[in-house]
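What follows is the content of my_file14.cif (mmCIF, C-alpha atoms and all ligand atoms).
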```cif
data_structure
#
loop_
_atom_site.label_atom_id
_atom_site.label_comp_id
_atom_site.auth_asym_id
_atom_site.auth_seq_id
_atom_site.Cartn_x
_atom_site.Cartn_y
_atom_site.Cartn_z
CA MET A 1 0.00 0.00 0.00
CA ASN A 2 1.56 3.29 -0.93
CA ALA A 3 -1.22 5.60 -2.09
CA PRO A 4 -2.03 8.56 0.16
CA SER A 5 -5.31 7.84 1.84
CA ALA A 6 -6.84 11.28 1.85
CA GLN A 7 -9.00 12.09 -1.17
CA MET A 8 -9.53 15.64 -2.41
CA VAL A 9 -13.25 16.42 -2.67
CA GLY A 10 -13.69 20.00 -3.86
CA ASN A 11 -11.26 21.99 -1.75
CA LYS A 12 -11.43 19.61 1.19
CA PHE A 13 -9.67 16.36 1.67
CA VAL A 14 -11.74 13.57 3.07
CA THR A 15 -9.97 11.35 5.52
CA PRO A 16 -10.48 7.68 6.13
CA ASN A 17 -12.49 6.79 9.17
CA TRP A 18 -9.56 6.11 11.51
CA HIS A 19 -10.94 8.75 13.89
CA SER A 20 -13.82 6.44 14.82
CA ASP A 21 -11.37 3.76 16.04
CA PHE A 22 -10.51 5.99 19.03
CA PRO A 23 -13.31 6.15 21.62
CA ILE A 24 -11.79 9.04 23.59
CA LEU A 25 -12.12 11.32 20.57
CA LYS A 26 -15.91 11.04 20.73
CA GLN A 27 -16.11 12.90 23.99
CA LYS A 28 -16.65 16.60 24.45
CA VAL A 29 -14.25 18.78 26.40
CA ARG A 30 -15.69 21.97 27.93
CA GLY A 31 -18.76 21.33 25.80
CA ARG A 32 -16.71 21.34 22.59
CA ARG A 33 -15.54 18.57 20.29
CA LEU A 34 -12.17 17.30 21.52
CA VAL A 35 -9.46 18.32 19.06
CA TYR A 36 -6.46 16.37 20.23
CA LEU A 37 -3.22 17.79 18.85
CA ASP A 38 -0.84 16.70 21.63
CA ASN A 39 0.21 13.41 20.09
CA GLY A 40 3.91 14.11 20.60
CA ALA A 41 3.23 13.85 24.32
CA THR A 42 1.16 10.71 24.01
CA THR A 43 -1.22 9.27 21.42
CA GLN A 44 -4.77 8.15 22.08
CA LYS A 45 -5.54 4.42 22.01
CA PRO A 46 -7.66 2.59 19.46
CA LEU A 47 -10.46 0.37 20.71
CA CYS A 48 -8.47 -2.78 19.84
CA VAL A 49 -5.73 -1.75 22.30
CA ILE A 50 -8.28 -0.89 25.00
CA GLU A 51 -10.01 -4.24 24.45
CA ASN A 52 -6.66 -6.00 24.55
CA GLN A 53 -5.94 -4.50 27.97
CA ASN A 54 -9.38 -5.48 29.21
CA ALA A 55 -8.95 -9.03 27.90
CA TYR A 56 -5.48 -9.32 29.42
CA TYR A 57 -6.72 -8.52 32.92
CA SER A 58 -10.08 -10.31 32.48
CA GLU A 59 -8.68 -13.53 31.04
CA HIS A 60 -4.91 -13.81 30.87
CA ASN A 61 -3.27 -12.15 33.86
CA ALA A 62 -0.47 -14.10 35.54
CA ASN A 63 3.22 -13.61 36.19
CA ILE A 64 5.52 -14.74 33.40
CA HIS A 65 8.59 -16.99 33.15
CA ARG A 66 7.87 -18.38 36.63
CA GLY A 67 4.73 -20.44 36.92
CA VAL A 68 4.25 -23.98 35.69
CA HIS A 69 0.52 -23.40 35.65
CA TRP A 70 -1.50 -22.88 32.49
CA LEU A 71 -2.25 -19.19 33.01
CA SER A 72 1.39 -18.30 33.61
CA GLN A 73 2.42 -20.14 30.50
CA TYR A 74 -0.30 -18.40 28.52
CA ALA A 75 0.80 -14.96 29.75
CA THR A 76 4.43 -15.89 28.97
CA ASP A 77 3.46 -16.82 25.43
CA LEU A 78 1.66 -13.49 25.00
CA TYR A 79 4.67 -11.60 26.31
CA ASP A 80 7.11 -13.44 24.07
CA ALA A 81 4.85 -12.99 21.05
CA SER A 82 5.05 -9.23 21.58
CA ARG A 83 8.82 -9.42 21.40
CA ASP A 84 8.56 -11.20 18.04
CA CYS A 85 6.09 -8.57 16.88
CA VAL A 86 8.43 -5.68 17.79
CA GLN A 87 11.34 -7.50 16.14
CA LYS A 88 9.43 -7.64 12.85
CA PHE A 89 8.12 -4.09 13.25
CA ILE A 90 11.62 -2.57 13.24
CA ASN A 91 13.22 -5.43 11.27
CA ALA A 92 15.70 -6.47 13.96
CA LYS A 93 17.69 -9.57 13.08
CA SER A 94 16.44 -11.51 16.09
CA SER A 95 13.89 -11.10 18.86
CA ASP A 96 16.77 -11.42 21.41
CA GLU A 97 17.70 -7.91 20.34
CA ILE A 98 14.47 -6.48 21.77
CA VAL A 99 14.54 -5.46 25.46
CA PHE A 100 11.30 -4.26 27.03
CA THR A 101 11.65 -1.21 29.26
CA SER A 102 9.24 1.31 30.72
CA GLY A 103 9.84 3.75 27.87
CA THR A 104 12.39 5.75 25.91
CA THR A 105 13.77 7.37 29.07
CA GLN A 106 14.50 4.05 30.71
CA SER A 107 15.95 2.61 27.49
CA ILE A 108 18.48 5.46 27.24
CA ASN A 109 19.33 5.21 30.94
CA LEU A 110 19.89 1.47 30.52
CA VAL A 111 22.40 2.10 27.72
CA ALA A 112 24.08 4.95 29.62
CA TYR A 113 24.46 2.98 32.86
CA SER A 114 25.27 -0.42 31.39
CA TRP A 115 27.15 0.34 28.16
CA GLY A 116 28.33 3.84 29.09
CA LEU A 117 29.70 3.15 32.57
CA ASN A 118 31.60 0.15 31.29
CA ASN A 119 32.94 1.52 28.03
CA LEU A 120 33.56 5.22 28.49
CA LYS A 121 36.81 6.53 29.92
CA LYS A 122 38.39 9.91 30.60
CA GLY A 123 38.74 11.95 27.43
CA ASP A 124 36.21 9.92 25.41
CA GLU A 125 33.57 12.02 23.73
CA ILE A 126 29.81 11.59 23.81
CA LEU A 127 28.38 13.35 20.78
CA LEU A 128 24.81 14.62 21.21
CA THR A 129 22.88 17.11 19.11
CA GLY A 130 21.41 20.48 19.96
CA MET A 131 17.89 19.17 19.54
CA GLU A 132 17.90 16.32 22.07
CA HIS A 133 15.11 15.69 24.54
CA HIS A 134 16.35 15.95 28.13
CA SER A 135 16.21 12.16 28.39
CA ASN A 136 19.04 11.95 25.85
CA ILE A 137 21.10 14.61 27.65
CA VAL A 138 20.84 14.14 31.40
CA PRO A 139 21.75 10.40 31.57
CA TRP A 140 24.89 11.15 29.53
CA GLN A 141 25.79 14.04 31.83
CA LEU A 142 25.49 11.73 34.83
CA ILE A 143 27.70 9.13 33.15
CA ALA A 144 30.19 11.73 31.90
CA LYS A 145 30.67 12.88 35.52
CA LYS A 146 31.41 9.34 36.63
CA THR A 147 33.73 8.40 33.74
CA GLY A 148 35.47 11.67 32.81
CA ALA A 149 34.02 11.51 29.31
CA LEU A 150 33.19 14.80 27.60
CA ILE A 151 29.93 15.86 26.01
CA LYS A 152 30.08 17.52 22.60
CA VAL A 153 27.06 18.91 20.77
CA VAL A 154 26.22 19.11 17.06
CA PRO A 155 24.82 22.63 16.53
CA VAL A 156 21.41 23.39 15.06
CA THR A 157 21.12 25.78 12.11
CA ASP A 158 18.76 28.76 12.03
CA ASP A 159 16.32 26.73 9.95
CA GLY A 160 16.17 23.99 12.58
CA GLN A 161 18.39 21.34 11.04
CA LEU A 162 21.59 19.72 12.26
CA ASP A 163 24.73 21.35 10.92
CA LEU A 164 26.28 18.42 9.07
CA ASP A 165 29.56 20.23 8.37
CA GLU A 166 30.01 20.74 12.09
CA TYR A 167 28.95 17.14 12.73
CA LYS A 168 31.71 15.97 10.40
CA LYS A 169 34.25 18.17 12.18
CA LEU A 170 33.17 16.97 15.63
CA LEU A 171 33.55 13.28 14.73
CA SER A 172 36.97 11.87 15.58
CA ASP A 173 38.59 8.78 17.04
CA ARG A 174 37.72 10.25 20.45
CA THR A 175 33.99 9.94 19.66
CA ALA A 176 32.86 6.92 21.65
CA ILE A 177 29.14 7.29 21.08
CA VAL A 178 26.82 9.38 18.95
CA ALA A 179 23.40 9.60 20.63
CA MET A 180 20.87 11.51 18.56
CA VAL A 181 17.21 12.01 18.01
CA HIS A 182 15.56 10.68 14.83
CA VAL A 183 12.68 13.20 14.86
CA SER A 184 12.81 16.23 17.15
CA ASN A 185 9.90 16.33 19.59
CA ALA A 186 10.19 20.09 19.94
CA ILE A 187 10.31 21.21 16.30
CA GLY A 188 9.62 18.06 14.28
CA THR A 189 12.83 18.01 12.23
CA VAL A 190 13.56 14.61 10.70
CA ASN A 191 17.30 14.17 10.96
CA PRO A 192 19.19 12.51 8.10
CA ILE A 193 20.30 9.59 10.22
CA GLU A 194 20.79 7.34 7.16
CA LYS A 195 23.63 9.68 6.24
CA MET A 196 24.85 10.40 9.77
CA ILE A 197 25.12 6.83 11.06
CA PRO A 198 27.75 5.71 8.50
CA MET A 199 29.77 8.85 9.32
CA ALA A 200 29.77 7.86 12.99
CA ARG A 201 30.67 4.26 12.16
CA ALA A 202 33.59 5.47 10.04
CA VAL A 203 35.27 6.80 13.21
CA GLY A 204 34.36 3.67 15.16
CA ALA A 205 31.65 5.28 17.30
CA THR A 206 28.71 3.40 18.79
CA VAL A 207 25.36 4.87 17.69
CA LEU A 208 22.13 5.31 19.65
CA ILE A 209 19.02 6.67 17.96
CA ASP A 210 16.12 8.10 19.96
CA GLY A 211 13.12 7.12 17.84
CA ALA A 212 10.40 8.24 20.29
CA GLN A 213 8.85 10.63 17.76
CA ALA A 214 9.63 8.58 14.66
CA VAL A 215 8.12 5.12 14.97
CA ALA A 216 4.47 6.23 14.71
CA HIS A 217 5.14 8.25 11.57
CA MET A 218 7.50 6.26 9.33
CA ASN A 219 8.91 2.82 8.71
CA VAL A 220 12.05 2.10 10.70
CA ASP A 221 14.45 -0.66 9.67
CA VAL A 222 17.24 -1.02 12.20
CA GLN A 223 19.25 -3.40 10.04
CA HIS A 224 19.16 -0.95 7.17
CA LEU A 225 20.06 1.93 9.49
CA ASP A 226 22.87 -0.11 11.04
CA CYS A 227 22.59 1.68 14.40
CA ASP A 228 23.70 -0.09 17.58
CA PHE A 229 20.73 1.01 19.65
CA TYR A 230 17.27 2.29 18.73
CA VAL A 231 14.81 3.30 21.47
CA PHE A 232 11.14 4.23 21.61
CA SER A 233 8.03 4.35 23.82
CA GLY A 234 4.83 2.36 23.30
CA HIS A 235 2.51 5.18 24.35
CA LYS A 236 3.51 7.42 21.43
CA LEU A 237 2.67 4.53 19.08
CA TYR A 238 -1.00 4.09 20.11
CA GLY A 239 0.05 1.61 22.81
CA PRO A 240 -0.19 1.71 26.60
CA THR A 241 1.95 3.89 28.83
CA GLY A 242 4.77 2.32 30.86
CA VAL A 243 6.16 0.15 28.09
CA GLY A 244 9.06 0.89 25.80
CA VAL A 245 11.71 -0.75 23.70
CA LEU A 246 15.45 -0.87 23.62
CA TYR A 247 16.72 -2.44 20.42
CA GLY A 248 20.40 -3.36 20.58
CA LYS A 249 22.57 -5.37 18.24
CA HIS A 250 23.00 -8.78 19.78
CA ASN A 251 26.79 -8.67 20.14
CA ILE A 252 26.74 -5.32 21.90
CA LEU A 253 23.83 -6.20 24.23
CA ASP A 254 25.57 -9.48 24.99
CA SER A 255 28.73 -7.63 26.03
CA MET A 256 26.85 -5.41 28.48
CA PRO A 257 26.49 -6.12 32.22
CA PRO A 258 23.08 -5.96 33.93
CA TRP A 259 21.85 -2.56 34.99
CA LEU A 260 19.13 -3.56 37.46
CA GLY A 261 19.36 -6.76 39.49
CA GLY A 262 16.51 -8.95 40.69
CA GLY A 263 14.26 -11.78 39.69
CA ASP A 264 14.11 -13.16 36.15
CA MET A 265 17.49 -11.73 35.07
CA ILE A 266 19.70 -14.37 36.69
CA HIS A 267 21.03 -17.77 35.83
CA THR A 268 22.26 -18.77 39.31
CA VAL A 269 22.38 -16.90 42.61
CA SER A 270 24.43 -17.57 45.73
CA PHE A 271 25.61 -15.20 48.43
CA GLU A 272 29.10 -15.36 46.95
CA GLU A 273 28.22 -14.69 43.36
CA SER A 274 25.42 -14.57 40.81
CA THR A 275 25.47 -15.38 37.15
CA TYR A 276 23.16 -13.76 34.69
CA ALA A 277 20.60 -14.76 32.13
CA PRO A 278 21.33 -14.22 28.47
CA VAL A 279 19.96 -11.14 26.73
CA PRO A 280 17.30 -9.84 26.64
CA GLN A 281 16.21 -11.30 30.04
CA ARG A 282 19.44 -9.95 31.61
CA PHE A 283 17.96 -6.47 31.25
CA GLU A 284 14.41 -7.24 32.38
CA ALA A 285 14.74 -7.58 36.16
CA GLY A 286 11.55 -8.02 38.16
CA THR A 287 7.98 -8.40 36.99
CA PRO A 288 7.71 -6.39 33.80
CA ASN A 289 4.70 -4.47 32.48
CA ILE A 290 3.17 -7.64 31.02
CA ALA A 291 -0.15 -6.03 30.15
CA GLY A 292 1.61 -3.08 28.55
CA VAL A 293 3.84 -5.33 26.49
CA THR A 294 0.85 -7.27 25.16
CA GLY A 295 -0.93 -3.97 24.46
CA LEU A 296 2.07 -2.80 22.45
CA LYS A 297 1.60 -5.77 20.15
CA ALA A 298 -2.06 -4.84 19.67
CA ALA A 299 -1.00 -1.27 18.83
CA ILE A 300 1.61 -2.40 16.32
CA ASN A 301 -0.93 -4.72 14.70
CA TYR A 302 -3.30 -1.78 14.40
CA VAL A 303 -0.66 0.39 12.76
CA ASN A 304 0.39 -2.46 10.47
CA THR A 305 -3.17 -3.01 9.34
CA ILE A 306 -3.25 0.53 7.96
CA GLY A 307 0.41 0.55 6.92
CA LEU A 308 3.02 3.07 7.99
CA ASP A 309 3.57 4.17 4.40
CA VAL A 310 -0.12 5.08 4.18
CA ILE A 311 -0.01 6.83 7.56
CA GLN A 312 3.10 8.74 6.53
CA ALA A 313 1.60 9.89 3.23
CA TYR A 314 -1.60 10.99 4.96
CA GLU A 315 0.18 12.84 7.76
CA GLU A 316 2.50 14.60 5.31
CA GLU A 317 -0.52 15.88 3.43
CA LEU A 318 -2.16 17.06 6.64
CA LEU A 319 1.07 18.68 7.86
CA THR A 320 1.41 20.65 4.62
CA TYR A 321 -2.22 21.75 4.89
CA ALA A 322 -1.77 22.79 8.54
CA ASN A 323 1.46 24.56 7.73
CA ASN A 324 -0.17 26.69 5.05
CA GLU A 325 -3.23 27.47 7.17
CA LEU A 326 -1.11 28.51 10.15
CA LEU A 327 1.09 30.71 8.01
CA SER A 328 -2.01 32.64 6.95
CA ILE A 329 -2.25 33.95 10.52
CA PRO A 330 -0.46 37.30 10.87
CA GLY A 331 2.38 37.29 13.41
CA LEU A 332 2.69 33.50 13.56
CA LYS A 333 6.14 32.02 12.99
CA ILE A 334 6.78 28.33 12.53
CA ILE A 335 10.11 27.11 13.91
CA ALA A 336 12.07 24.93 11.46
CA GLU A 337 9.54 25.71 8.76
CA ALA A 338 11.94 24.82 5.95
CA ALA A 339 13.21 21.59 7.51
CA PRO A 340 11.90 18.14 6.60
CA ARG A 341 9.44 17.49 9.41
CA ALA A 342 7.19 14.73 10.65
CA GLY A 343 4.03 15.15 12.65
CA ILE A 344 4.95 18.36 14.47
CA ILE A 345 4.37 22.08 13.98
CA SER A 346 6.02 24.25 16.58
CA PHE A 347 5.28 27.94 16.49
CA VAL A 348 5.36 31.26 18.29
CA MET A 349 2.97 34.19 17.94
CA ASP A 350 3.72 37.86 18.30
CA GLY A 351 2.41 39.26 21.58
CA ILE A 352 1.06 36.02 23.10
CA HIS A 353 3.07 33.68 25.33
CA PRO A 354 2.82 30.00 24.30
CA HIS A 355 1.34 29.11 27.70
CA ASP A 356 -1.45 31.64 27.20
CA LEU A 357 -2.10 30.17 23.76
CA GLY A 358 -2.34 26.69 25.27
CA THR A 359 -4.83 27.89 27.87
CA ILE A 360 -7.03 29.78 25.42
CA LEU A 361 -7.08 26.90 22.94
CA ASP A 362 -8.11 24.58 25.73
CA THR A 363 -11.29 26.59 26.26
CA ASP A 364 -12.20 25.57 22.69
CA GLY A 365 -11.42 21.90 23.34
CA VAL A 366 -8.17 22.15 21.35
CA ALA A 367 -5.34 20.32 23.12
CA ILE A 368 -1.81 21.38 22.21
CA ARG A 369 1.41 21.46 24.22
CA ALA A 370 3.10 24.72 25.17
CA GLY A 371 6.50 25.24 26.75
CA HIS A 372 10.05 24.01 26.29
CA HIS A 373 9.00 20.43 25.43
CA CYS A 374 11.83 19.00 27.58
CA ALA A 375 14.29 20.44 25.09
CA MET A 376 15.53 23.52 26.94
CA PRO A 377 18.87 23.77 25.10
CA LEU A 378 16.99 23.99 21.80
CA MET A 379 14.76 26.79 23.10
CA THR A 380 17.90 28.62 24.27
CA ARG A 381 19.38 28.13 20.79
CA PHE A 382 16.39 29.95 19.28
CA GLY A 383 16.29 32.56 22.06
CA ILE A 384 12.71 31.74 23.06
CA PRO A 385 11.18 30.51 26.34
CA GLY A 386 9.09 27.95 24.54
CA THR A 387 6.75 27.30 21.66
CA ALA A 388 3.18 26.21 21.05
CA ARG A 389 3.23 22.76 19.51
CA ALA A 390 0.55 21.00 17.51
CA SER A 391 1.50 17.37 16.97
CA LEU A 392 -0.41 15.14 14.58
CA ALA A 393 -1.52 11.54 14.57
CA LEU A 394 -3.28 9.41 11.99
CA TYR A 395 -6.72 10.31 13.38
CA ASN A 396 -6.32 14.06 12.97
CA THR A 397 -8.34 15.70 10.22
CA GLN A 398 -8.65 18.88 8.25
CA ASP A 399 -11.43 19.93 10.66
CA ASP A 400 -8.94 19.67 13.53
CA VAL A 401 -6.62 22.07 11.74
CA ILE A 402 -9.50 24.48 11.07
CA ALA A 403 -10.44 24.37 14.76
CA LEU A 404 -6.82 25.11 15.70
CA VAL A 405 -6.60 28.06 13.33
CA ASN A 406 -9.94 29.52 14.44
CA SER A 407 -8.92 29.25 18.06
CA LEU A 408 -5.57 30.93 17.40
CA ARG A 409 -7.34 33.81 15.67
CA LYS A 410 -9.65 34.08 18.67
CA ALA A 411 -6.60 34.30 20.94
CA GLN A 412 -5.30 37.18 18.87
CA ASP A 413 -8.63 38.96 19.23
CA LEU A 414 -8.60 38.42 22.99
CA PHE A 415 -5.10 39.83 23.28
CA GLY A 416 -5.80 42.63 20.85
CA VAL A 417 -2.94 41.39 18.69
CA THR A 418 -3.31 41.99 14.99
CA GLY A 419 0.01 40.43 14.01
CA SER A 420 2.77 41.84 11.88
CA LYS A 421 1.80 40.42 8.47
N1 LIG B 1 8.41 13.56 24.68
C1 LIG B 1 6.76 15.30 24.40
O1 LIG B 1 5.70 15.87 24.69
P1 LIG B 1 9.16 8.86 27.60
O2 LIG B 1 8.67 9.93 28.52
O3 LIG B 1 10.24 8.04 28.22
O4 LIG B 1 8.06 8.05 26.99
O5 LIG B 1 9.79 9.62 26.34
C2 LIG B 1 10.83 10.56 26.52
C3 LIG B 1 11.17 11.18 25.21
C4 LIG B 1 12.41 10.94 24.65
N2 LIG B 1 12.74 11.39 23.44
C5 LIG B 1 11.88 12.11 22.70
C6 LIG B 1 12.29 12.58 21.35
C7 LIG B 1 10.62 12.41 23.21
O6 LIG B 1 9.78 13.13 22.49
C8 LIG B 1 10.27 11.96 24.51
C9 LIG B 1 8.95 12.35 25.12
C10 LIG B 1 7.13 14.04 25.15
O7 LIG B 1 7.48 15.71 23.52
C11 LIG B 1 7.08 14.24 26.63
S1 LIG B 1 8.29 15.39 27.19
#
```

Any chance you could give the structure as structure tokens?
Ligand code: C6P
Amino acid sequence: MNAPSAQMVGNKFVTPNWHSDFPILKQKVRGRRLVYLDNGATTQKPLCVIENQNAYYSEHNANIHRGVHWLSQYATDLYDASRDCVQKFINAKSSDEIVFTSGTTQSINLVAYSWGLNNLKKGDEILLTGMEHHSNIVPWQLIAKKTGALIKVVPVTDDGQLDLDEYKKLLSDRTAIVAMVHVSNAIGTVNPIEKMIPMARAVGATVLIDGAQAVAHMNVDVQHLDCDFYVFSGHKLYGPTGVGVLYGKHNILDSMPPWLGGGDMIHTVSFEESTYAPVPQRFEAGTPNIAGVTGLKAAINYVNTIGLDVIQAYEEELLTYANNELLSIPGLKIIAEAAPRAGIISFVMDGIHPHDLGTILDTDGVAIRAGHHCAMPLMTRFGIPGTARASLALYNTQDDVIALVNSLRKAQDLFGVTGSK
């Protein structure tokens, strides 16, 4: 399937009925139709995921990898089937390369504390980019303090893209790891990681990609990318909260010591010494989020049924439409307007603070995010306290964009701002 799914009818494009798969979108907020444009924070869940969670707790709940009883074995099978599903979803070579975590944040911390603490030494460089989410900055700062490694940062250009000339200059045999975001949560830029990963490999660096904002919007093939680690959260992919993924190449995961200790990650335990389970169990200490993991499979199945190429084509069309509509508002500036973007429009408006915009839009039932988006260094780079961010998902429609634009115009009226255009 590769045809865009929206059809032009007159001057309006008619969207498929994905909206109706999401029960929460039927409700009214403050008496108005809910216009949910905060999908970068978390996506809503389709009925099949909600029903999956209900079925898990109504029929299948038991602890996994422990019980000899039927229910435990059933729950174990469900859990393991999700691992196979994720493996296929990102085209990992084997399901052993998929570690379940609580989300992107935990996945990055796992790599920092297990790989980083054991591989980084004084003078090594950790190369980040100027558009990282705090969860791909702070863990590395903590590890840099402990190891004496140094953090270097690829600068962001005025048009919201990574400066590839500077990236090239920053790469050297001191670069131990490049940890970078695939799609920026704050401004939506899609980074050219297909080009950047081989450059990092050429200097022998390990590569981690933060795919939190990518996996719901485009196909990801980790073998094709040839990254060492790829991380994402289930809840931004129409799945439950509290479940995430760390993909790691088998040889590198296998070389890493456990990060958390406890049940289910051991081979043998005595008071003198313990030995550890092979990967991925070595990194899944304690009772995991079994329900969440099974829900992630339901979410991936949902996405696969539509097809990420179809979703991507549809969202690109909607993003272009939203972009043009927003630019018709005087005094509104889109950050990274010229950059290739996925799913996100981040903007500022003359005379109205982003937080005020967020509050006024909420009175119309329009949910956006306003603030620094956990990317404070990027806001500093642009000299702004924050932005207003509308982030799209497959269920958003042209009507949602119209509601957003009308509400922004209303905010201008309320503030007596006419804009500079
Ligand atoms: N961004 C946003 O509104 P967790 O919280 O672990 O699921 O994801 C953290 C994270 C890491 N990287 C990127 C690129 C992200 O966008 C996020 C989460 C949300 O933009 C909440 S701050």

Residue nearest Phe415 (chain A) among A:Glu97, A:Asp173, A:Asp356, A:Glu315 (counting only C-alpha atoms): A:Asp356

Just want the 8 Å neighbourhood of His133 (chain A), counted on only C-alpha atoms, with same-chain residues fewer than 4 positions away dropped. Output as a short mmCIF file (atom, residue, chain, number, x, y, z; two decimals) with C-alpha atoms, keeping the file's coordinate frame.
```cif
data_model
loop_
_atom_site.label_atom_id
_atom_site.label_comp_id
_atom_site.auth_asym_id
_atom_site.auth_seq_id
_atom_site.Cartn_x
_atom_site.Cartn_y
_atom_site.Cartn_z
CA ILE A 137 21.10 14.61 27.65
CA VAL A 181 17.21 12.01 18.01
CA SER A 184 12.81 16.23 17.15
CA ASN A 185 9.90 16.33 19.59
CA HIS A 373 9.00 20.43 25.43
CA CYS A 374 11.83 19.00 27.58
CA ALA A 375 14.29 20.44 25.09
#
```

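Compared by their closest atoms to Gly103 (chain A), and using only C-alpha atoms, the residues A:Ala205, A:Leu296, A:Ile197, A:Val417 rank with A:Leu296 nearest.
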
Given a cut-off of 9 Å, what residues near ligand LIG 1 (chain B) show up using all atoms listed in the file, put as a short mmCIF file (atom, residue, chain, number, x, y, z; two decimals) with C-alpha atoms, keeping the file's coordinate frame?
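See result_32.cif below for the written result:
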```
data_model
loop_
_atom_site.label_atom_id
_atom_site.label_comp_id
_atom_site.auth_asym_id
_atom_site.auth_seq_id
_atom_site.Cartn_x
_atom_site.Cartn_y
_atom_site.Cartn_z
CA ASP A 38 -0.84 16.70 21.63
CA ASN A 39 0.21 13.41 20.09
CA GLY A 40 3.91 14.11 20.60
CA ALA A 41 3.23 13.85 24.32
CA THR A 42 1.16 10.71 24.01
CA SER A 102 9.24 1.31 30.72
CA GLY A 103 9.84 3.75 27.87
CA THR A 104 12.39 5.75 25.91
CA THR A 105 13.77 7.37 29.07
CA GLN A 106 14.50 4.05 30.71
CA SER A 107 15.95 2.61 27.49
CA ILE A 108 18.48 5.46 27.24
CA MET A 131 17.89 19.17 19.54
CA GLU A 132 17.90 16.32 22.07
CA HIS A 133 15.11 15.69 24.54
CA HIS A 134 16.35 15.95 28.13
CA SER A 135 16.21 12.16 28.39
CA ASN A 136 19.04 11.95 25.85
CA VAL A 181 17.21 12.01 18.01
CA HIS A 182 15.56 10.68 14.83
CA VAL A 183 12.68 13.20 14.86
CA SER A 184 12.81 16.23 17.15
CA ASN A 185 9.90 16.33 19.59
CA ALA A 186 10.19 20.09 19.94
CA ASP A 210 16.12 8.10 19.96
CA GLY A 211 13.12 7.12 17.84
CA ALA A 212 10.40 8.24 20.29
CA GLN A 213 8.85 10.63 17.76
CA ALA A 214 9.63 8.58 14.66
CA VAL A 231 14.81 3.30 21.47
CA PHE A 232 11.14 4.23 21.61
CA SER A 233 8.03 4.35 23.82
CA GLY A 234 4.83 2.36 23.30
CA HIS A 235 2.51 5.18 24.35
CA LYS A 236 3.51 7.42 21.43
CA THR A 241 1.95 3.89 28.83
CA GLY A 242 4.77 2.32 30.86
CA VAL A 243 6.16 0.15 28.09
CA GLY A 244 9.06 0.89 25.80
CA ARG A 369 1.41 21.46 24.22
CA HIS A 372 10.05 24.01 26.29
CA HIS A 373 9.00 20.43 25.43
CA CYS A 374 11.83 19.00 27.58
CA ALA A 375 14.29 20.44 25.09
CA ARG A 389 3.23 22.76 19.51
CA SER A 391 1.50 17.37 16.97
#
```

Within 8 Å of Ala179 (chain A), counting all atoms listed in the file, which residues show up once you throw out same-chain ones fewer than 3 positions away? Write them as a ChimeraX atom specification, please. /A:126-129,136,207-210

Interatomic distance between CA of Leu164 (chain A) and CA of Ile151 (chain A)? 17.5 Å

May I have the residues within 10 Å of region 73-82 of chain A as number ranges by chain, using all atoms listed in the file and disregarding those fewer than 4 positions away in the same chain? A: 56, 59-69, 86-88, 95, 98, 100, 288-298, 300

For CA of Asn191 (chain A) and CA of Asn301 (chain A), determine how far apart the two atoms are, in Å to one decimal place. 26.5 Å

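Each of A:Asp158, A:Asp226, A:Asp350, A:Glu317 was compared to Gly383 (chain A) using all atoms listed in the file, and A:Asp158 turns out to be the nearest.
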
Pick from A:Ser114, A:Gly188, A:Gly331, A:Cys48: nearest to Ile252 (chain A), with all atoms listed in the file counted?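 So, comparing all the options, the nearest one is A:Ser114.
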
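Selecting by distance to (15.7, -3.9, 15.2) with a limit of 6 Å and using all atoms listed in the file, one obtains Gln87, Ile90, Asn91, Ala92, Val222 and Tyr247 of chain A.
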
I need the chosen residues saved as a PDB file, in the frame of the given file, with C-alpha atoms.
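New file again-v1.pdb:
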```pdb
ATOM      1  CA  GLN A  87      11.340  -7.500  16.140  1.00  0.00           C
ATOM      2  CA  ILE A  90      11.620  -2.570  13.240  1.00  0.00           C
ATOM      3  CA  ASN A  91      13.220  -5.430  11.270  1.00  0.00           C
ATOM      4  CA  ALA A  92      15.700  -6.470  13.960  1.00  0.00           C
ATOM      5  CA  VAL A 222      17.240  -1.020  12.200  1.00  0.00           C
ATOM      6  CA  TYR A 247      16.720  -2.440  20.420  1.00  0.00           C
TER       7      TYR A 247
END
```

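Distances here use all atoms listed in the file; by that measure, the residue among A:Ala388, A:Leu394, A:Asp364, A:Thr157 closest to Glu316 (chain A) is A:Leu394.
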